Each structure stands twice: as C-alpha cells, then as structure tokens.
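The data block below is final.txt; it holds compact mmCIF, C-alpha atoms and all ligand atoms.
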```
# COMPACT_ATOMS: atom_id res chain seq x y z
CA MET I 17 -14.07 -25.78 -14.49
CA PRO I 18 -12.74 -23.14 -16.94
CA LEU I 19 -15.17 -20.51 -18.10
CA ALA I 20 -15.61 -19.53 -21.75
CA PRO I 21 -15.39 -15.81 -22.51
CA GLY I 22 -18.64 -14.00 -21.81
CA SER I 23 -19.63 -11.04 -19.67
CA ALA I 24 -18.11 -10.18 -16.33
CA LEU I 25 -18.96 -7.88 -13.44
CA LEU I 26 -16.01 -6.81 -11.27
CA VAL I 27 -16.93 -5.11 -8.01
CA ASN I 28 -15.17 -3.39 -5.17
CA PRO I 29 -17.96 -3.66 -2.56
CA PRO I 30 -19.16 -0.54 -0.73
CA SER I 31 -17.57 0.45 2.56
CA PRO I 32 -19.41 -0.87 5.59
CA ARG I 33 -21.58 1.78 7.26
CA GLY I 34 -19.66 4.50 9.11
CA VAL I 35 -16.20 3.63 7.78
CA SER I 36 -14.10 3.81 4.62
CA VAL I 37 -12.26 0.74 3.43
CA ASN I 38 -9.13 1.02 1.32
CA ARG I 39 -8.82 -2.53 -0.01
CA GLU I 40 -5.67 -1.67 -1.96
CA GLY I 41 -3.91 -0.52 1.22
CA PHE I 42 -1.76 -2.41 3.76
CA GLY I 43 -0.35 -4.63 1.05
CA GLY I 44 -3.88 -5.42 -0.16
CA LEU I 45 -5.01 -6.67 3.25
CA GLY I 46 -7.13 -3.53 3.54
CA VAL I 47 -7.25 -0.51 5.80
CA VAL I 48 -10.38 0.69 7.57
CA THR I 49 -10.66 4.32 8.60
CA PRO I 50 -13.52 6.53 9.80
CA ALA I 51 -15.83 7.50 6.92
CA GLY I 52 -14.13 9.84 4.47
CA GLY I 53 -10.66 8.38 5.07
CA PHE I 54 -8.07 7.92 2.36
CA VAL I 55 -8.87 5.34 -0.33
CA TYR I 56 -6.84 4.23 -3.34
CA PRO I 57 -8.70 3.74 -6.62
CA ALA I 58 -9.47 0.09 -7.39
CA HIS I 59 -6.21 -0.68 -9.16
CA SER I 60 -6.53 -4.45 -8.85
CA LEU I 61 -9.91 -4.36 -10.63
CA ALA I 62 -8.41 -2.19 -13.39
CA GLU I 63 -5.71 -4.82 -13.88
CA LEU I 64 -8.26 -7.64 -13.86
CA GLN I 65 -10.46 -5.79 -16.33
CA ALA I 66 -7.49 -5.54 -18.70
CA ALA I 67 -6.64 -9.22 -18.29
CA LEU I 68 -10.25 -10.34 -18.91
CA ARG I 69 -10.84 -8.01 -21.86
CA ARG I 70 -7.71 -9.45 -23.47
CA ARG I 71 -9.47 -12.79 -23.10
CA ARG I 72 -12.53 -11.39 -24.94
CA PHE I 73 -14.73 -10.83 -21.91
CA ASP I 74 -17.24 -7.99 -21.99
CA VAL I 75 -16.43 -6.36 -18.64
CA GLU I 76 -18.33 -3.99 -16.36
CA ALA I 77 -16.19 -2.76 -13.46
CA LYS I 78 -17.56 -0.81 -10.48
CA ASP I 79 -15.84 0.71 -7.48
CA LEU I 80 -18.63 1.11 -4.92
CA VAL I 81 -16.25 2.55 -2.34
CA LEU I 82 -15.48 5.64 -4.41
CA GLU I 83 -18.86 5.63 -6.16
CA PRO I 84 -21.38 4.10 -3.74
CA ARG I 85 -24.32 5.06 -5.95
CA ALA I 86 -22.92 3.64 -9.17
CA ARG I 87 -25.41 1.48 -11.01
CA TYR I 88 -24.45 -1.88 -12.39
CA SER I 89 -26.26 -4.63 -14.18
CA CYS I 90 -26.55 -8.14 -12.86
CA GLU I 91 -26.78 -10.32 -15.91
CA GLN I 92 -23.19 -11.45 -16.37
CA ASN I 93 -21.94 -15.01 -16.36
CA LEU I 94 -18.96 -14.10 -14.15
CA ILE I 95 -18.93 -11.97 -11.00
CA VAL I 96 -15.65 -11.14 -9.23
CA VAL I 97 -15.93 -9.49 -5.82
CA ARG I 98 -12.76 -7.91 -4.45
CA VAL I 99 -12.60 -8.61 -0.73
CA ALA I 100 -10.17 -7.64 2.01
CA HIS I 101 -9.39 -9.29 5.28
CA ALA I 102 -10.17 -6.04 7.07
CA THR I 103 -13.85 -6.17 5.98
CA LEU I 104 -14.23 -9.85 5.18
CA GLY I 105 -17.61 -10.44 6.83
CA ALA I 106 -19.29 -7.52 5.07
CA ASP I 107 -17.56 -8.36 1.79
CA LEU I 108 -18.78 -11.96 1.85
CA ALA I 109 -22.31 -10.76 2.63
CA PHE I 110 -22.11 -8.47 -0.41
CA ALA I 111 -20.85 -11.33 -2.58
CA ALA I 112 -23.75 -13.49 -1.34
CA GLN I 113 -26.20 -10.77 -2.45
CA CYS I 114 -24.63 -10.67 -5.90
CA SER I 115 -24.87 -14.42 -6.16
CA THR I 116 -28.54 -14.36 -5.18
CA ARG I 117 -29.28 -11.78 -7.86
CA VAL I 118 -27.45 -13.76 -10.56
CA PRO I 119 -27.57 -17.36 -9.39
CA ASP I 120 -26.24 -18.80 -12.65
CA ALA I 121 -23.10 -16.66 -12.69
CA LYS I 122 -19.77 -18.05 -11.62
CA LEU I 123 -18.84 -16.21 -8.42
CA VAL I 124 -15.19 -15.47 -7.61
CA VAL I 125 -14.09 -13.96 -4.32
CA TRP I 126 -10.66 -12.34 -4.71
CA GLY I 127 -8.29 -10.90 -2.15
CA VAL I 128 -4.80 -11.00 -0.71
CA GLY I 129 -3.59 -13.11 2.22
CA LEU I 130 -6.80 -15.12 2.50
CA GLU I 131 -5.56 -18.71 2.33
CA ALA I 132 -6.27 -19.37 5.99
CA VAL I 133 -9.86 -18.15 5.73
CA ARG I 134 -10.67 -20.55 2.91
CA PRO I 135 -12.88 -22.69 5.21
CA GLU I 136 -14.78 -19.59 6.36
CA VAL I 137 -15.36 -18.47 2.77
CA SER I 138 -16.45 -21.97 1.76
CA ARG I 139 -18.95 -22.07 4.60
CA ALA I 140 -20.36 -18.64 3.76
CA LEU I 141 -20.29 -19.10 -0.03
CA PRO I 142 -20.04 -22.75 -1.01
CA GLN I 143 -20.71 -21.82 -4.63
CA ALA I 144 -17.76 -19.37 -4.81
CA LEU I 145 -14.21 -19.82 -6.01
CA LEU I 146 -11.79 -18.11 -3.60
CA HIS I 147 -8.72 -16.75 -5.34
CA THR I 148 -5.99 -15.39 -3.09
CA GLY I 149 -3.00 -13.38 -4.34
CA PHE I 150 -2.33 -9.96 -5.83
CA ASP I 151 -1.87 -11.02 -9.46
CA ALA I 152 -4.88 -10.18 -11.63
CA GLU I 153 -3.34 -11.91 -14.63
CA ALA I 154 -3.03 -15.15 -12.66
CA LEU I 155 -6.68 -14.88 -11.66
CA ALA I 156 -7.83 -14.29 -15.24
CA ALA I 157 -5.78 -17.27 -16.41
CA ALA I 158 -7.31 -19.45 -13.68
CA ILE I 159 -10.83 -18.39 -14.66
CA VAL I 160 -10.49 -19.35 -18.30
CA GLY I 161 -7.86 -22.08 -17.84
CA ASP I 162 -5.13 -20.62 -20.03
CA GLU I 163 -1.52 -19.46 -19.67
CA VAL I 164 -0.35 -16.59 -17.45
CA LEU I 165 1.05 -13.92 -19.76
CA ASP I 166 4.61 -12.66 -19.34
CA VAL I 167 4.62 -9.44 -17.35
CA GLU I 168 6.17 -7.45 -20.20
CA LEU I 169 3.36 -8.41 -22.55
CA ARG I 170 0.40 -7.69 -20.31
CA PRO I 171 -1.97 -4.87 -21.20
CA ASP I 172 -2.07 -1.67 -19.19
CA ALA I 173 -4.52 -1.48 -16.29
CA ASP I 174 -7.93 -0.70 -17.80
CA TRP I 175 -9.80 2.00 -15.87
CA ARG I 176 -13.02 1.97 -17.91
CA GLY I 177 -15.95 2.36 -15.51
CA LEU I 178 -13.67 2.88 -12.52
CA SER I 179 -13.20 6.16 -10.72
CA LEU I 180 -9.87 7.76 -9.82
CA GLY I 181 -11.69 9.47 -6.96
CA PRO I 182 -11.75 13.10 -5.94
CA THR I 183 -7.96 13.39 -5.84
CA GLN I 184 -7.56 12.05 -9.39
CA ARG I 185 -4.47 10.03 -8.49
CA LEU I 186 -3.63 7.17 -10.79
CA PRO I 187 -1.77 4.21 -9.29
CA LEU I 188 0.95 2.39 -11.19
CA TRP I 189 3.20 -0.55 -10.36
CA HIS I 190 6.81 -0.93 -11.43
CA ARG I 191 8.39 -3.33 -8.92
CA ARG I 192 5.88 -4.91 -6.56
CA GLY I 193 7.12 -6.46 -3.39
CA CYS I 194 10.20 -6.27 -1.24
CA THR I 195 13.00 -8.61 -0.24
CA HIS I 196 13.87 -6.86 3.02
CA SER I 197 13.16 -8.63 6.25
CA CYS I 198 11.25 -6.18 8.43
CA ARG I 199 9.21 -8.53 10.54
CA TRP I 200 6.28 -6.17 10.89
CA CYS I 201 5.58 -5.74 7.18
CA PRO I 202 2.25 -6.53 5.45
CA TYR I 203 3.60 -6.08 1.91
CA VAL I 204 5.61 -9.26 2.00
CA ILE I 205 2.49 -11.20 2.96
CA ALA I 206 0.96 -10.04 -0.29
CA THR I 207 3.99 -10.68 -2.47
CA GLY I 208 5.95 -13.41 -0.71
CA ARG I 209 9.19 -11.45 -0.11
CA ARG I 210 9.93 -11.43 -3.81
CA ILE I 211 10.10 -8.69 -6.39
CA HIS I 212 7.56 -8.85 -9.18
CA GLY I 213 8.96 -6.22 -11.51
CA ARG I 214 8.86 -5.25 -15.12
CA SER I 215 11.28 -3.32 -17.30
CA PRO I 216 11.65 0.46 -17.04
CA ALA I 217 10.63 0.70 -20.70
CA ARG I 218 7.37 -1.16 -20.06
CA THR I 219 6.48 0.90 -16.99
CA ALA I 220 7.34 4.18 -18.73
CA LEU I 221 5.07 3.17 -21.61
CA GLU I 222 2.15 2.61 -19.25
CA PHE I 223 2.94 5.89 -17.48
CA GLN I 224 2.78 7.67 -20.83
CA ARG I 225 -0.43 6.00 -22.00
CA GLN I 226 -2.29 6.35 -18.70
CA VAL I 227 -1.40 10.04 -18.45
CA ALA I 228 -2.54 10.65 -22.02
CA ALA I 229 -5.81 8.77 -21.44
CA HIS I 230 -6.77 10.01 -17.98
CA ARG I 231 -4.88 13.25 -17.30
CA PRO I 232 -4.50 12.41 -13.58
CA LYS I 233 -3.44 15.14 -11.19
CA ARG I 234 -0.77 12.78 -9.99
CA VAL I 235 0.60 9.32 -10.73
CA VAL I 236 1.21 7.21 -7.63
CA ILE I 237 4.01 4.70 -8.10
CA ARG I 238 2.92 2.06 -5.60
CA ASP I 239 6.21 0.13 -5.23
CA PRO I 240 6.80 -0.16 -1.48
CA VAL I 241 10.55 0.46 -1.86
CA PHE I 242 11.18 2.57 -4.93
CA GLY I 243 14.87 2.55 -5.81
CA SER I 244 15.72 -0.74 -4.14
CA ASP I 245 17.37 -1.53 -7.48
CA VAL I 246 18.96 1.83 -8.10
CA SER I 247 20.12 1.35 -11.68
CA ASP I 248 16.65 0.11 -12.65
CA ALA I 249 15.04 3.10 -10.91
CA LEU I 250 17.39 5.55 -12.62
CA LEU I 251 16.52 4.07 -16.01
CA LEU I 252 12.81 4.45 -15.30
CA LEU I 253 13.22 8.03 -14.08
CA SER I 254 15.26 8.93 -17.13
CA ARG I 255 12.51 7.60 -19.38
CA ILE I 256 9.85 9.57 -17.49
CA GLN I 257 11.97 12.71 -17.56
CA HIS I 258 12.29 12.51 -21.33
CA LEU I 259 8.61 11.93 -22.09
CA SER I 260 7.10 14.81 -24.01
CA SER I 261 5.04 17.20 -21.92
CA ASN I 262 1.75 15.66 -23.16
CA PHE I 263 2.67 12.40 -21.50
CA ARG I 264 4.10 13.63 -18.23
CA ALA I 265 2.41 14.13 -14.89
CA PRO I 266 3.61 14.83 -11.37
CA PHE I 267 4.21 11.61 -9.49
CA GLU I 268 4.94 10.33 -6.01
CA ILE I 269 6.92 7.38 -4.76
CA GLU I 270 7.39 5.56 -1.49
CA THR I 271 10.61 4.11 -0.21
CA ARG I 272 12.88 3.57 2.78
CA PRO I 273 15.62 6.02 3.74
CA GLU I 274 18.66 4.03 2.66
CA CYS I 275 17.52 4.09 -0.97
CA LEU I 276 17.57 7.88 -1.24
CA SER I 277 21.09 8.43 -2.52
CA GLU I 278 22.02 11.83 -3.87
CA HIS I 279 21.90 10.43 -7.38
CA LEU I 280 18.39 9.01 -6.95
CA VAL I 281 17.04 12.18 -5.34
CA ASP I 282 18.43 14.28 -8.18
CA ALA I 283 16.83 11.94 -10.72
CA LEU I 284 13.49 12.01 -8.89
CA ALA I 285 13.45 15.80 -8.92
CA ALA I 286 14.40 15.96 -12.60
CA ALA I 287 11.69 13.47 -13.59
CA GLY I 288 8.84 15.34 -11.88
CA CYS I 289 8.47 13.65 -8.51
CA VAL I 290 6.40 15.86 -6.23
CA GLU I 291 6.25 13.79 -3.06
CA VAL I 292 8.30 11.11 -1.36
CA LYS I 293 6.59 8.91 1.19
CA LEU I 294 9.32 7.77 3.51
CA GLY I 295 8.85 4.77 5.79
CA ILE I 296 10.95 5.43 8.87
CA GLU I 297 8.71 3.56 11.35
CA THR I 298 10.78 4.10 14.51
CA PHE I 299 14.13 5.18 15.89
CA GLU I 300 13.84 2.93 18.92
CA GLU I 301 16.77 0.53 19.07
CA THR I 302 14.97 -2.47 20.57
CA ALA I 303 12.22 -2.30 17.93
CA LEU I 304 14.61 -1.76 15.03
CA VAL I 305 16.77 -4.72 16.05
CA ALA I 306 13.96 -7.12 16.96
CA GLY I 307 12.03 -6.16 13.85
CA GLU I 308 15.08 -6.84 11.65
CA ARG I 309 14.64 -3.46 10.06
CA LEU I 310 18.37 -2.74 9.83
CA LEU I 311 20.24 -3.72 6.70
CA PRO I 312 23.15 -6.18 7.13
CA GLY I 313 26.07 -4.50 8.90
CA MET I 314 24.02 -1.44 9.82
CA SER I 315 23.88 -0.08 13.36
CA VAL I 316 21.02 1.90 14.84
CA ALA I 317 23.22 4.99 14.61
CA ASP I 318 23.76 4.25 10.91
CA TYR I 319 20.00 3.99 10.44
CA ARG I 320 19.38 7.32 12.11
CA GLU I 321 22.10 8.87 9.98
CA SER I 322 20.55 7.44 6.81
CA VAL I 323 17.25 9.09 7.76
CA ARG I 324 18.95 12.40 8.47
CA ALA I 325 20.87 12.28 5.19
CA ALA I 326 17.79 11.31 3.17
CA LEU I 327 15.75 14.16 4.64
CA ALA I 328 18.57 16.63 3.99
CA ARG I 329 18.89 15.55 0.35
CA LEU I 330 15.15 15.85 -0.21
CA LYS I 331 15.11 19.28 1.36
CA LEU I 332 18.00 20.42 -0.81
CA ARG I 333 16.03 19.41 -3.90
CA HIS I 334 12.81 20.95 -2.52
CA LEU I 335 11.11 17.58 -2.71
CA PRO I 336 8.18 17.38 -0.29
CA VAL I 337 8.35 14.38 2.01
CA ARG I 338 5.78 12.64 4.17
CA VAL I 339 7.34 10.44 6.79
CA TYR I 340 5.57 7.37 8.12
CA LEU I 341 5.97 6.16 11.67
CA MET I 342 4.41 3.22 13.47
CA ARG I 343 3.42 3.22 17.11
CA GLY I 344 3.25 0.02 19.07
CA LEU I 345 5.74 -2.07 17.08
CA PRO I 346 6.99 -5.20 18.87
CA HIS I 347 9.70 -4.30 21.42
CA SER I 348 8.84 -0.61 21.19
CA THR I 349 7.69 1.48 24.13
CA PRO I 350 5.38 4.49 24.35
CA ARG I 351 8.37 6.52 25.48
CA GLY I 352 10.38 5.35 22.45
CA ASP I 353 7.47 6.20 20.14
CA ASP I 354 7.30 9.67 21.67
CA ALA I 355 11.05 10.12 21.29
CA THR I 356 10.85 9.20 17.58
CA MET I 357 8.06 11.74 17.14
CA ALA I 358 10.06 14.36 18.97
CA ALA I 359 13.14 13.71 16.84
CA LEU I 360 11.09 14.48 13.74
CA GLY I 361 8.94 17.05 15.44
CA ASP I 362 9.82 20.00 13.25
CA MET I 363 8.57 18.23 10.12
CA GLU I 364 5.15 19.19 8.84
CA GLU I 365 4.11 15.95 7.16
CA ILE I 366 4.17 13.04 9.56
CA SER I 367 1.74 10.16 9.35
CA VAL I 368 1.61 7.95 12.41
CA HIS I 369 -0.11 4.60 12.25
CA PRO I 370 -0.80 2.17 15.05
CA TRP I 371 0.89 -1.09 14.18
CA ARG I 372 -1.35 -4.03 13.30
CA ASN I 373 0.35 -7.39 13.21
CA PRO I 374 -0.56 -9.22 10.01
CA GLU I 375 1.31 -12.40 10.89
CA ALA I 376 0.02 -12.73 14.43
CA ASP I 377 -3.49 -12.95 13.09
CA PRO I 378 -4.04 -16.61 12.22
CA GLU I 379 -6.49 -15.59 9.55
CA MET I 380 -3.84 -13.88 7.49
CA SER I 381 -1.48 -15.91 5.41
CA ALA I 382 -0.11 -15.69 1.92
S1 LIG Z 1 11.48 -2.22 3.59
FE1 LIG Z 1 9.32 -1.66 3.71
S2 LIG Z 1 8.27 -3.02 2.26
FE2 LIG Z 1 10.29 -3.91 2.66
S3 LIG Z 1 9.98 -5.39 4.31
FE3 LIG Z 1 10.59 -3.44 5.25
S4 LIG Z 1 8.65 -2.38 5.75
FE4 LIG Z 1 8.20 -4.03 4.24
```

Show this structure as structure tokens.
Ligand code: SF4
Amino acid sequence: MPLAPGSALLVNPPSPRGVSVNREGFGGLGVVTPAGGFVYPAHSLAELQAALRRRRFDVEAKDLVLEPRARYSCEQNLIVVRVAHATLGADLAFAAQCSTRVPDAKLVVWGVGLEAVRPEVSRALPQALLHTGFDAEALAAAIVGDEVLDVELRPDADWRGLSLGPTQRLPLWHRRGCTHSCRWCPYVIATGRRIHGRSPARTALEFQRQVAAHRPKRVVIRDPVFGSDVSDALLLLSRIQHLSSNFRAPFEIETRPECLSEHLVDALAAAGCVEVKLGIETFEETALVAGERLLPGMSVADYRESVRAALARLKLRHLPVRVYLMRGLPHSTPRGDDATMAALGDMEEISVHPWRNPEADPEMSA
C-alpha cells in the first residue's frame, strides 16, 4: 500500500556490542570488525534521504554506528532501518524496537542480497516491508508508489543529520557494479553483474556540490573498478581537474590492475587522486584460473605483469597505493597466499582479508 508523504526516520542501527559494522562494505553485505574498525559513512541513507525529500517527506536520518549517542525522535509515519546480512539478527531486533516505539509507523527493512532471508525477516517482523537491493531511488519509489527517476535527474546524496565520521571522507558513486566474472566477488551480488552508471558531467557536478557543502578531507569514489570504461573515466577526471579550487578535494579510487594504463594514471594524478586501492587478490595460478579472475586471453604471467606495470606507473606518478589481497580463496593454498605476500613484501600498504564466500552462503542472494 503506497504511503503518502509525511515524516520519515532513516536509521543505520548501532554496531552490536564489541564490534564495528560497516554496512556499506563488502558490496553492501556488511563487514564486521573488532570495535573501532573501519566504517564508511551511511551513504545509502544519504541517497534515500535525498530521494524521500524530493517526494516531500520530512526526513530525520541517523547513523548510530558513527554516532551511537545520537538522539532521534520516534514520531514518524515511516521508519527505514538499514540492515546487513553480517549483523542481521541484531539489526532485526533493533527494527523490532523501533516498531514497538512507533507502532503506527510503516516499517521498512532495507539491505542488499537479502532475498533468501525474506522468510526469516517475515517471521521476525511480520509488520515490516523487506526491500532488498542497493538502489535508494527504487526504494523511495516503492514506498510512495511512483516512478523511478532517471539516474541523471536524481538529487545528490543528502547528508543532513548524517556524520562523515572522524576521517571526514565523503563517498560518491560514478559507475556502480562490475561486469567481470571473478567468482569470489560480493559486489556483483549487490549489483547483478551490471554497470549502473551516470554521466561524467553528472558525477562531477555532485563532486563539486558535495565538496562545497561539506569540505571533506577526501572524496571516496566507491566504484569497484574505476576506469573499466577508460574514455568515460578520462572525461570524469578531466572535469574534476578543471573544477575551481573551491570545489576540489583530494580523492581516492579503487580498481583492478589492468585498468591502470599510463594515460589513466596520468589523468588520476592531474585530477588530484591521492590514493589508489588496488585489488590484486592473489598471484596463485590455480586460484586465478578457477576464480575466473583473468580477462579473456590473459595468462597468469600476463596478470602478474599487469600488476607490476600498474605499480610501476603509480610509483612514477608518486600516487600512493594500497593493495588488497585475499587469503583462502577457492583453489588457493596457504603456501600460495604466502608467496603472493612475499612477492609484494616490500610494499608498505597491503591489506589482507580472509575470503568469505557470499554465494556459498544460502542466505545471500541478489
Ligand atoms: S573485477 Fe573486482 S568488482 Fe569486478 S568481479 Fe572482479 S573482484 Fe568483483
């Protein structure tokens, strides 16, 4: 039943005791770390706030992960609780509390990759609507029963009431998703192995307006494979480079090694990129082949060479790089994981993550 515009409370529930939950991480499936671990600001709630305000809702948005003591009222006629598979039990308990406090409000439970837990959510919260998927605009349209707005026409993410956290990093999307076939990847569960992009002009405009409004220390371009469409990426970087100084901020990107051509690295440096997060994952042949990580026609030797060349280009341009590896990938071995580490051993910034299989878990599906 569509809801008429009214007041809405959007909440990122607090981290469960003793841990930090980053519900924006791992493609939106959520990452749990020991307390104090890295957490992205609640970008999905900022997007939903924008989509609901455009529909004339009076919105209160709270990120109780970054601001656990934030106060919020409970008198709205719509409550949206952002949940993640990684903390689903605690998140549903929080949503139940909200519903008890405001029994007449429509309760929406929103997360990514939750289709298969629909029965569990229905049992725990029979009064709730479960919405699964990354697209805040689609959720807002479903709530009020109207059309999904074209991506070029959508408002910027609205950060009113939401914290950027102690690092003051502001996330931004340009091209969500990925069409590569790495079998271990959580991002494609969130986005369905499709690209959900917008024009360089539209993204540059949001970059400019968010920097002017929030003065972040850094903009984080969240695309999992920045530069997968190189001409599109070069257009965006050119627009950022030519923004006036009031509208510019240092930014970081993440990508895979094959995208880092000389041309792209030069453009990144010229536009103000200050960090490249580089997903290498492994050098182990059995894991690379079985995981379908290699591009068509590429050998393992080619892959290693693409990593070497990418790192050399970044170094030449003095662009800091953080490489990401995964231990425990299917068809990998501890010895192979150690060998990958050793091959990169002289690098300062290496993040190693134990692999968690999103698809093997029957509770995770698009
Ligand atoms: S390139 Fe990265 S984002 Fe794309 S499928 Fe592979 S791991 Fe996932």

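You will find atom CA of I:Ala86 at 21.5 Å from atom CA of I:Gly46.
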
Can you pull out every residue with an atom within 12 Å of ligand LIG 1 (chain Z)? Use all atoms listed in the file and format it as a PyMOL selection string.
chain I and resi 42-43+191-211+238-244+270-275+293-298+304+307-311+340-342+345+371+374

Atom pair atom CA of I:Leu284 / atom CA of I:Leu332: separation (Å)
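It comes out at 12.5 Å.
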
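Near stretch 99-105 of chain I, within 8 Å and counting all atoms listed in the file, sit I:Asn28, I:Pro29, I:Pro32, I:Val37, I:Arg39, I:Gly44, I:Leu45, I:Gly46, I:Val47, I:Val48, I:Val125, I:Trp126, I:Gly127, I:Val128, I:Gly129, I:Leu130, I:Met380; same-chain residues fewer than 5 positions away were not included.
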
Spatial sel., origin (22.6, 11.8, -2.0), limit 10 Å, all atoms listed in the file, listed as a ChimeraX atom specification
/I:274-282,325-330,332

Best match for closeness to I:Ala158 among I:Ile256, I:Cys90, I:Phe299, I:Leu19, counting all atoms listed in the file
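Smallest distance to I:Ala158 is found for I:Leu19.
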
Any idea what the distance is between atom CA of I:Leu82 and atom CA of I:Pro57?
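Straight-line distance from atom CA of I:Leu82 to atom CA of I:Pro57 works out to 7.4 Å.
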
Of the listed residues I:Ala152, I:Ala220, I:Ala144, I:Ala303, that which approaches I:Thr349 most closely, counting only C-alpha atoms
I:Ala303

If the box runs along x, y and z of the file and leaves 8 Å on each side of stretch 291-298 of chain I, what are its centre and edge lengths in Å, one decimal, as JSON?
```
{"center_x": 8.6, "center_y": 8.7, "center_z": 5.7, "size_x": 20.7, "size_y": 26.2, "size_z": 33.6}
```
